[in-house]
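Worksheet for the structure shown next.
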Amino acid sequence: MQGEEDTEADPPPFDPAVLDVLLGGTTAGVGVLDTELRFLYVNPALERLDGLPAREHLGRPIGEVLPEVDAREDVLRAVLRDGRPREAVSSGQTWAPSALERRYWHGAYHRLEENGRIRGVVVLVLEISKAQHQQEQLERARRHLALLDTAAVSIGTTLDMDTTCRELAEFVVPALADVAAVEVCPSDIGHTVRHAPPGVLRLRRSALVAVPELQAAADQFGRPGEYIDYQEDAPVPRCLEANLPRIEDLAGEEQLTRSELTRKRVEAARAVGMHAAVIVPLTVRGRPLGCLSLARAEGSPPFTDEDVLVARELAGRAAVDLDHARHYAHEHTIARELQNSLLAEPRGPQPHVEVVTRYLPADQGALVGGDWFDVIPLRGGRHLKAMGDVMGHGVEAAVAMSHYRSLLRLLAEDDQPPHLILDRLDRAVERSGVDRAATCLLAVVDRSRGVCHISSAGHLPPVFIDPGASAARIAELPVGPPLGMGFGAYTTTTVPCGPGTVLLMYTDGLVERRNEDIDVSVGRLASVTLPSSGRLDDLLEEVIGRFGRDAEDDIAVLASRIRDAEKI
């Protein structure tokens, strides 16, 4: 390669006039650069692409002529070095007017030689901005579609509102935002929320997620569980009122201080360089449930229209899941309150019988079942113990359970054998219009004869735990059809039940396990013995601890025994 002085003194290795004849009419931009990447020739098409006449090119380095273009000088120097032609895409802005934020060109580069001497490089350039932008839009569309497809299995995996909100926030960070918050309208059930002052919108922050490097600063914006008040003219209330997304430019000091953020949160926003925010409504059938707020910090680009469209689609899908969760929470709370009111301790003092009960929901996210129990006083110091399970879950199951319980108390007043009570209860339920079947186990201990009379309507057998015994007895008795089916035909079985013997009754949640035969599950109860303390409370704690850990349904258990006559 020749030195700079020799290059300047040497005449061009071509006749510019001849090149103009050959290349003046082509639409491709053609230029010739010397070994120092200074322009030696520019055709009219390249003049138009660069927005400069040829005279402002000649003799000047490419980086000086086009300072805002990534001209791929590394590729040009590689061509000069080894002579192998190359192609590359460059981008940026030239002096030519353009409505595009960034332009793209495809270039082909060939080394120019004369008599074995390297004289420079020939550049052929075609603008591909339109095709490149279309490709970028296509790629963004593909990424967004893939994002939406993934959202279908990542958001709304449970019927818990806070979990759904957290899943939504975690999904959009960092895919769409550096920080994301989900806020919902306070529920009209459950915890009482103080009323907001006039002109103020109060929302509950259900989720807040940020990229790891911003999490500490993002915590200043309000942790999950807090209630946040917005003035009616703030962006969030306006977003919900119009049911339209809002894009907020927070780059300027004035815009940031005029936002709904408190002073502490303004300082946090400054600290992370927050410059843009998008607020998207969470609505179902025009009814606002809350909003999704996205923010981008220093180093992230502004939000595009496509970003807002994707955020709105995600919010729309999540809103449906939140609506389902809210309906479930409403029903769950009503059913739980109704069930708790019915599963109170037996009425009045029980001088002749000791009774301990437990009710254990499957978990906070499960629908309330129809498990129930009762102890009804009879004549002669006897008591009718009942354990039942209404089929199904939710409010309807809880209401049906209250009907069964009320009818049983009414029919028990006639003091008939358990099987006759079940017969009458079955007919009464059928006539009452209760459309949910139920299993039921009735037991009456006759302490004077040392026996227990039992009858079952589709329910699991009771367990008898004798004092000092090394194993419990699982009662063997005929099982009639569930109540509410109108079939009747129940029988009473008499089982020995001496002084101090504990009668244990339970619902299927205690023993029923997936992929296991129910007889095997029930058979494990034979290993139950009285604890060393002899207390029924300790017995039920042990039973639930041993058998109820993996329960998938609600558990109700009742333990009873006749009191010692000397202690009555």
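Every chain in the structure tokens has a letter given in the order shown (A, B, ...), and although residue numbers restart at 1 in each chain, ligands are simply numbered from 1 in the order shown.
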
Please identify all polymer residues within 10 Å of Ile544 of chain A, counting only C-alpha atoms, omitting same-chain residues fewer than 2 positions from it, and present them as a PyMOL selection string.
chain A and resi 358-360+510-511+539-542+546-549+551+555-557

Q.
Just list as a PyMOL selection string whatever in segment 106-225 of chain A DSSP marks as alpha helix (DSSP H).
A. chain A and resi 129-154+161-172+215-218

Give me the residues near segment 163-173 of chain A as a PDB file with N, CA and C atoms, in the first residue's frame, where near means some atom within 7 Å (using only C-alpha atoms) and where sequence neighbours in that chain fewer than 3 positions away do not count.
ATOM      1  N   SER A 154     -49.236 -18.516  30.894  1.00  0.00           N
ATOM      2  CA  SER A 154     -48.447 -17.945  31.992  1.00  0.00           C
ATOM      3  C   SER A 154     -49.252 -17.058  32.921  1.00  0.00           C
ATOM      4  N   ILE A 155     -50.392 -16.552  32.448  1.00  0.00           N
ATOM      5  CA  ILE A 155     -51.203 -15.621  33.230  1.00  0.00           C
ATOM      6  C   ILE A 155     -52.560 -16.260  33.493  1.00  0.00           C
ATOM      7  N   GLY A 156     -53.032 -16.165  34.737  1.00  0.00           N
ATOM      8  CA  GLY A 156     -54.336 -16.730  35.089  1.00  0.00           C
ATOM      9  C   GLY A 156     -54.276 -18.212  35.382  1.00  0.00           C
ATOM     10  N   THR A 158     -54.309 -19.528  38.278  1.00  0.00           N
ATOM     11  CA  THR A 158     -55.107 -19.831  39.469  1.00  0.00           C
ATOM     12  C   THR A 158     -56.320 -18.907  39.497  1.00  0.00           C
ATOM     13  N   ASP A 160     -56.801 -16.955  42.054  1.00  0.00           N
ATOM     14  CA  ASP A 160     -56.426 -15.975  43.066  1.00  0.00           C
ATOM     15  C   ASP A 160     -56.055 -14.670  42.372  1.00  0.00           C
ATOM     16  N   LEU A 176     -41.683  -5.949  27.985  1.00  0.00           N
ATOM     17  CA  LEU A 176     -42.263  -4.686  27.551  1.00  0.00           C
ATOM     18  C   LEU A 176     -41.859  -3.502  28.410  1.00  0.00           C
ATOM     19  N   ALA A 177     -41.347  -3.736  29.592  1.00  0.00           N
ATOM     20  CA  ALA A 177     -41.083  -2.622  30.505  1.00  0.00           C
ATOM     21  C   ALA A 177     -39.967  -2.971  31.470  1.00  0.00           C
ATOM     22  N   ASP A 178     -39.394  -1.921  32.059  1.00  0.00           N
ATOM     23  CA  ASP A 178     -38.407  -2.109  33.122  1.00  0.00           C
ATOM     24  C   ASP A 178     -39.077  -2.237  34.486  1.00  0.00           C
ATOM     25  N   VAL A 179     -40.230  -1.588  34.633  1.00  0.00           N
ATOM     26  CA  VAL A 179     -41.007  -1.651  35.874  1.00  0.00           C
ATOM     27  C   VAL A 179     -42.476  -1.805  35.492  1.00  0.00           C
ATOM     28  N   ALA A 180     -43.191  -2.665  36.189  1.00  0.00           N
ATOM     29  CA  ALA A 180     -44.617  -2.859  35.930  1.00  0.00           C
ATOM     30  C   ALA A 180     -45.367  -2.962  37.253  1.00  0.00           C
ATOM     31  N   ALA A 181     -46.530  -2.327  37.299  1.00  0.00           N
ATOM     32  CA  ALA A 181     -47.394  -2.393  38.483  1.00  0.00           C
ATOM     33  C   ALA A 181     -48.805  -2.727  38.042  1.00  0.00           C
ATOM     34  N   VAL A 182     -49.486  -3.528  38.846  1.00  0.00           N
ATOM     35  CA  VAL A 182     -50.892  -3.839  38.602  1.00  0.00           C
ATOM     36  C   VAL A 182     -51.685  -3.401  39.819  1.00  0.00           C
ATOM     37  N   SER A 206     -51.575  -4.546  43.719  1.00  0.00           N
ATOM     38  CA  SER A 206     -51.550  -6.004  43.852  1.00  0.00           C
ATOM     39  C   SER A 206     -50.230  -6.615  43.428  1.00  0.00           C
ATOM     40  N   ALA A 207     -49.482  -5.920  42.578  1.00  0.00           N
ATOM     41  CA  ALA A 207     -48.209  -6.471  42.123  1.00  0.00           C
ATOM     42  C   ALA A 207     -47.296  -5.337  41.692  1.00  0.00           C
ATOM     43  N   LEU A 208     -46.014  -5.500  41.945  1.00  0.00           N
ATOM     44  CA  LEU A 208     -44.989  -4.556  41.495  1.00  0.00           C
ATOM     45  C   LEU A 208     -43.740  -5.365  41.180  1.00  0.00           C
ATOM     46  N   VAL A 209     -43.297  -5.290  39.925  1.00  0.00           N
ATOM     47  CA  VAL A 209     -42.153  -6.071  39.468  1.00  0.00           C
ATOM     48  C   VAL A 209     -41.228  -5.153  38.690  1.00  0.00           C
ATOM     49  N   ALA A 210     -39.922  -5.314  38.880  1.00  0.00           N
ATOM     50  CA  ALA A 210     -38.932  -4.525  38.157  1.00  0.00           C
ATOM     51  C   ALA A 210     -37.773  -5.422  37.755  1.00  0.00           C
ATOM     52  N   VAL A 211     -37.001  -4.949  36.774  1.00  0.00           N
ATOM     53  CA  VAL A 211     -35.780  -5.673  36.444  1.00  0.00           C
ATOM     54  C   VAL A 211     -34.884  -5.648  37.679  1.00  0.00           C
ATOM     55  N   ALA A 318     -55.798 -10.638  30.629  1.00  0.00           N
ATOM     56  CA  ALA A 318     -55.647 -10.752  32.077  1.00  0.00           C
ATOM     57  C   ALA A 318     -56.902 -10.295  32.798  1.00  0.00           C
ATOM     58  N   LEU A 322     -58.912 -11.989  35.805  1.00  0.00           N
ATOM     59  CA  LEU A 322     -59.178 -11.290  37.066  1.00  0.00           C
ATOM     60  C   LEU A 322     -60.659 -11.276  37.385  1.00  0.00           C
TER      61      LEU A 322
END

Give me the residues near Ala489 of chain A as a list in words, where near means some atom within 12 Å (using only C-alpha atoms) and where sequence neighbours in that chain fewer than 5 positions away do not count.
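What passes the distance filter is Pro418, His419, Leu420, Ile421, Leu422, Asp423, Arg424, Leu425, Asp426, Arg427, Ser455, Ser456, Ala457, Gly458, Pro478, Val479, Gly480, Pro481, Pro482 and Leu483 of chain A.
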
Restricting the output to C-alpha atoms, write the selected residues as a PDB file, in the first residue's frame.
ATOM      1  CA  PRO A 418     -80.717 -43.858  62.703  1.00  0.00           C
ATOM      2  CA  HIS A 419     -81.880 -45.752  59.610  1.00  0.00           C
ATOM      3  CA  LEU A 420     -85.440 -44.433  59.947  1.00  0.00           C
ATOM      4  CA  ILE A 421     -84.125 -40.888  60.344  1.00  0.00           C
ATOM      5  CA  LEU A 422     -82.153 -41.310  57.119  1.00  0.00           C
ATOM      6  CA  ASP A 423     -85.222 -42.691  55.329  1.00  0.00           C
ATOM      7  CA  ARG A 424     -87.313 -39.684  56.344  1.00  0.00           C
ATOM      8  CA  LEU A 425     -84.452 -37.272  55.601  1.00  0.00           C
ATOM      9  CA  ASP A 426     -84.042 -38.732  52.119  1.00  0.00           C
ATOM     10  CA  ARG A 427     -87.747 -38.196  51.346  1.00  0.00           C
ATOM     11  CA  SER A 455     -76.482 -46.019  59.801  1.00  0.00           C
ATOM     12  CA  SER A 456     -74.742 -44.815  56.646  1.00  0.00           C
ATOM     13  CA  ALA A 457     -76.068 -43.080  53.543  1.00  0.00           C
ATOM     14  CA  GLY A 458     -73.088 -43.487  51.228  1.00  0.00           C
ATOM     15  CA  PRO A 478     -74.012 -51.803  55.095  1.00  0.00           C
ATOM     16  CA  VAL A 479     -73.828 -48.557  53.124  1.00  0.00           C
ATOM     17  CA  GLY A 480     -77.049 -47.190  51.660  1.00  0.00           C
ATOM     18  CA  PRO A 481     -77.362 -44.735  48.767  1.00  0.00           C
ATOM     19  CA  PRO A 482     -76.575 -41.030  49.270  1.00  0.00           C
ATOM     20  CA  LEU A 483     -79.390 -38.799  50.455  1.00  0.00           C
TER      21      LEU A 483
END

Exercise. May I have the residues within 10 Å of Pro67 of chain A as a list in words, using only C-alpha atoms and disregarding those fewer than 3 positions away in the same chain?
Key: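 These residues fall inside the cut-off: Pro61, Ile62, Gly63, Glu64, Asp70, Ala71, Gly92, Gln93, Thr94 and Trp95 of chain A.
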
Prev. selection, N, CA and C atoms, output as a PDB file, in the first residue's frame:
ATOM      1  N   PRO A  61     -12.542  12.113   3.779  1.00  0.00           N
ATOM      2  CA  PRO A  61     -12.811  10.753   4.290  1.00  0.00           C
ATOM      3  C   PRO A  61     -14.315  10.507   4.411  1.00  0.00           C
ATOM      4  N   ILE A  62     -14.693   9.272   4.287  1.00  0.00           N
ATOM      5  CA  ILE A  62     -16.110   8.915   4.335  1.00  0.00           C
ATOM      6  C   ILE A  62     -16.729   9.272   5.682  1.00  0.00           C
ATOM      7  N   GLY A  63     -15.957   9.125   6.775  1.00  0.00           N
ATOM      8  CA  GLY A  63     -16.480   9.450   8.102  1.00  0.00           C
ATOM      9  C   GLY A  63     -16.731  10.928   8.283  1.00  0.00           C
ATOM     10  N   GLU A  64     -15.987  11.761   7.563  1.00  0.00           N
ATOM     11  CA  GLU A  64     -16.175  13.209   7.645  1.00  0.00           C
ATOM     12  C   GLU A  64     -17.372  13.651   6.814  1.00  0.00           C
ATOM     13  N   ASP A  70     -23.122   4.641   9.881  1.00  0.00           N
ATOM     14  CA  ASP A  70     -22.212   3.544  10.206  1.00  0.00           C
ATOM     15  C   ASP A  70     -21.755   2.934   8.884  1.00  0.00           C
ATOM     16  N   ALA A  71     -20.695   3.472   8.338  1.00  0.00           N
ATOM     17  CA  ALA A  71     -20.285   3.133   6.974  1.00  0.00           C
ATOM     18  C   ALA A  71     -19.531   1.817   6.880  1.00  0.00           C
ATOM     19  N   GLY A  92     -27.983   4.529   9.321  1.00  0.00           N
ATOM     20  CA  GLY A  92     -27.795   5.855   9.905  1.00  0.00           C
ATOM     21  C   GLY A  92     -28.601   6.890   9.158  1.00  0.00           C
ATOM     22  N   GLN A  93     -28.083   8.124   9.104  1.00  0.00           N
ATOM     23  CA  GLN A  93     -28.742   9.222   8.399  1.00  0.00           C
ATOM     24  C   GLN A  93     -27.716   9.987   7.575  1.00  0.00           C
ATOM     25  N   THR A  94     -28.103  10.300   6.347  1.00  0.00           N
ATOM     26  CA  THR A  94     -27.278  11.154   5.496  1.00  0.00           C
ATOM     27  C   THR A  94     -27.857  12.565   5.515  1.00  0.00           C
ATOM     28  N   TRP A  95     -27.339  13.390   4.613  1.00  0.00           N
ATOM     29  CA  TRP A  95     -27.838  14.777   4.527  1.00  0.00           C
ATOM     30  C   TRP A  95     -29.117  14.861   3.720  1.00  0.00           C
TER      31      TRP A  95
END

In terms of only C-alpha atoms, the residue from A:Arg561, A:His352, A:Lys130, A:Arg81 at minimal distance from Glu36 of chain A is A:Arg81

Can you work out the spacing between atom CA of Ala151 of chain A and atom CA of Gly316 of chain A in Å, to one decimal?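 Computed distance, atom CA of Ala151 of chain A to atom CA of Gly316 of chain A, equals 11.4 Å.
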
Residue among A:Val434, A:Leu384, A:Cys185, A:Ala325 lying closest to Tyr404 of chain A, counting only C-alpha atoms: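 Smallest separation from Tyr404 of chain A among the options: A:Val434.
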
Discussion item. For Val79 of chain A, find every residue with an atom within 7 Å (counting only C-alpha atoms), except residues of its own chain fewer than 6 positions away, and show them as a PyMOL selection string.
Written reply: chain A and resi 85-86+110-111

Just-selected residues, all heavy atoms written as a PDB file, in the first residue's frame:
ATOM      1  N   PRO A  85     -13.864  -9.623  -2.088  1.00  0.00           N
ATOM      2  CA  PRO A  85     -15.074  -8.790  -2.112  1.00  0.00           C
ATOM      3  C   PRO A  85     -15.985  -9.140  -0.941  1.00  0.00           C
ATOM      4  O   PRO A  85     -16.053 -10.290  -0.494  1.00  0.00           O
ATOM      5  CB  PRO A  85     -15.725  -9.135  -3.450  1.00  0.00           C
ATOM      6  CG  PRO A  85     -14.623  -9.703  -4.277  1.00  0.00           C
ATOM      7  CD  PRO A  85     -13.717 -10.418  -3.316  1.00  0.00           C
ATOM      8  N   ARG A  86     -16.684  -8.147  -0.460  1.00  0.00           N
ATOM      9  CA  ARG A  86     -17.598  -8.361   0.668  1.00  0.00           C
ATOM     10  C   ARG A  86     -18.875  -7.557   0.462  1.00  0.00           C
ATOM     11  O   ARG A  86     -18.900  -6.578  -0.304  1.00  0.00           O
ATOM     12  CB  ARG A  86     -16.935  -7.950   1.992  1.00  0.00           C
ATOM     13  CG  ARG A  86     -15.837  -8.887   2.468  1.00  0.00           C
ATOM     14  CD  ARG A  86     -15.150  -8.312   3.696  1.00  0.00           C
ATOM     15  NE  ARG A  86     -14.228  -9.228   4.332  1.00  0.00           N
ATOM     16  CZ  ARG A  86     -12.992  -9.440   3.905  1.00  0.00           C
ATOM     17  NH1 ARG A  86     -12.532  -8.797   2.837  1.00  0.00           N
ATOM     18  NH2 ARG A  86     -12.199 -10.289   4.551  1.00  0.00           N
ATOM     19  N   HIS A 110     -15.473  -3.853  -3.602  1.00  0.00           N
ATOM     20  CA  HIS A 110     -14.474  -4.561  -4.398  1.00  0.00           C
ATOM     21  C   HIS A 110     -13.188  -3.740  -4.397  1.00  0.00           C
ATOM     22  O   HIS A 110     -13.219  -2.516  -4.522  1.00  0.00           O
ATOM     23  CB  HIS A 110     -14.951  -4.744  -5.846  1.00  0.00           C
ATOM     24  CG  HIS A 110     -16.269  -5.451  -5.949  1.00  0.00           C
ATOM     25  ND1 HIS A 110     -16.372  -6.803  -6.147  1.00  0.00           N
ATOM     26  CD2 HIS A 110     -17.544  -4.971  -5.881  1.00  0.00           C
ATOM     27  CE1 HIS A 110     -17.658  -7.139  -6.193  1.00  0.00           C
ATOM     28  NE2 HIS A 110     -18.379  -6.033  -6.039  1.00  0.00           N
ATOM     29  N   ARG A 111     -12.048  -4.437  -4.290  1.00  0.00           N
ATOM     30  CA  ARG A 111     -10.768  -3.730  -4.283  1.00  0.00           C
ATOM     31  C   ARG A 111     -10.398  -3.320  -5.712  1.00  0.00           C
ATOM     32  O   ARG A 111     -10.569  -4.101  -6.658  1.00  0.00           O
ATOM     33  CB  ARG A 111      -9.680  -4.617  -3.675  1.00  0.00           C
ATOM     34  CG  ARG A 111      -8.391  -3.862  -3.389  1.00  0.00           C
ATOM     35  CD  ARG A 111      -7.466  -4.676  -2.520  1.00  0.00           C
ATOM     36  NE  ARG A 111      -6.829  -5.786  -3.239  1.00  0.00           N
ATOM     37  CZ  ARG A 111      -5.974  -6.627  -2.659  1.00  0.00           C
ATOM     38  NH1 ARG A 111      -5.680  -6.496  -1.361  1.00  0.00           N
ATOM     39  NH2 ARG A 111      -5.436  -7.623  -3.355  1.00  0.00           N
TER      40      ARG A 111
END

Taking the DSSP assignment computed from this structure's backbone, write out as a ChimeraX atom specification all residues of segment 409-445 of chain A that belong to strand (DSSP E).
/A:438-445
